[in-house]
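Undergrad: Once you've had a glance at the structure underneath, I'll fire off some questions.
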Amino acid sequence: MILDGQFFSGSRGSYRCLRTLYRMQVTVELFGIPRARAGVAQTVAYGSTLGDIILNLAVRFPELGEACMDGRSLKAGFIANLRGEQFVTDPATDLRDGDAILLMSLDAGG
């Protein structure tokens, strides 16, 4: 995978490179299919846009990336909620350090 001219694989060393590249930390809660594919309910990710976060998660959780993500975008049927205020899918959506993102499949409601 190519990011900003550098190669990143799914290894722990690559994750450290992503963390160094993007200093902003975001809390990500996963629901439905994303949670099942990642195997965790909550994690942190690093980036300044939603696309950065999506790519960061795809590198760290390959099954999540394969099922829910297409490069820096979410596949159809998946959505993110930013700060509990708005639903977003645009990879260019700017984030702030400490933001919270809920990542879910559109059928995750109850």
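By order in the structure tokens, chains are A, B, ...; within a chain, residues start at 1; ligands start at 1, following the order shown.
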Can you tell me which residues surround Val40 (chain A) at a distance of at most 12 Å, considering only C-alpha atoms, apart from same-chain residues fewer than 3 positions away, and format the answer as number ranges by chain?

TA: A: 28-37, 43-44, 57, 60-61, 63-64, 103

Undergrad: Using only C-alpha atoms, find the one residue out of A:Val26, A:Phe87, A:Thr49, A:Ile54 that sits nearest to Ser73 (chain A).

TA: A:Ile54

Undergrad: Between CA of Leu50 (chain A) and CA of Leu82 (chain A), what is the distance in Å, rounded to a tenth?

TA: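 Atom-to-atom, CA of Leu50 (chain A) to CA of Leu82 (chain A), that is 9.2 Å.
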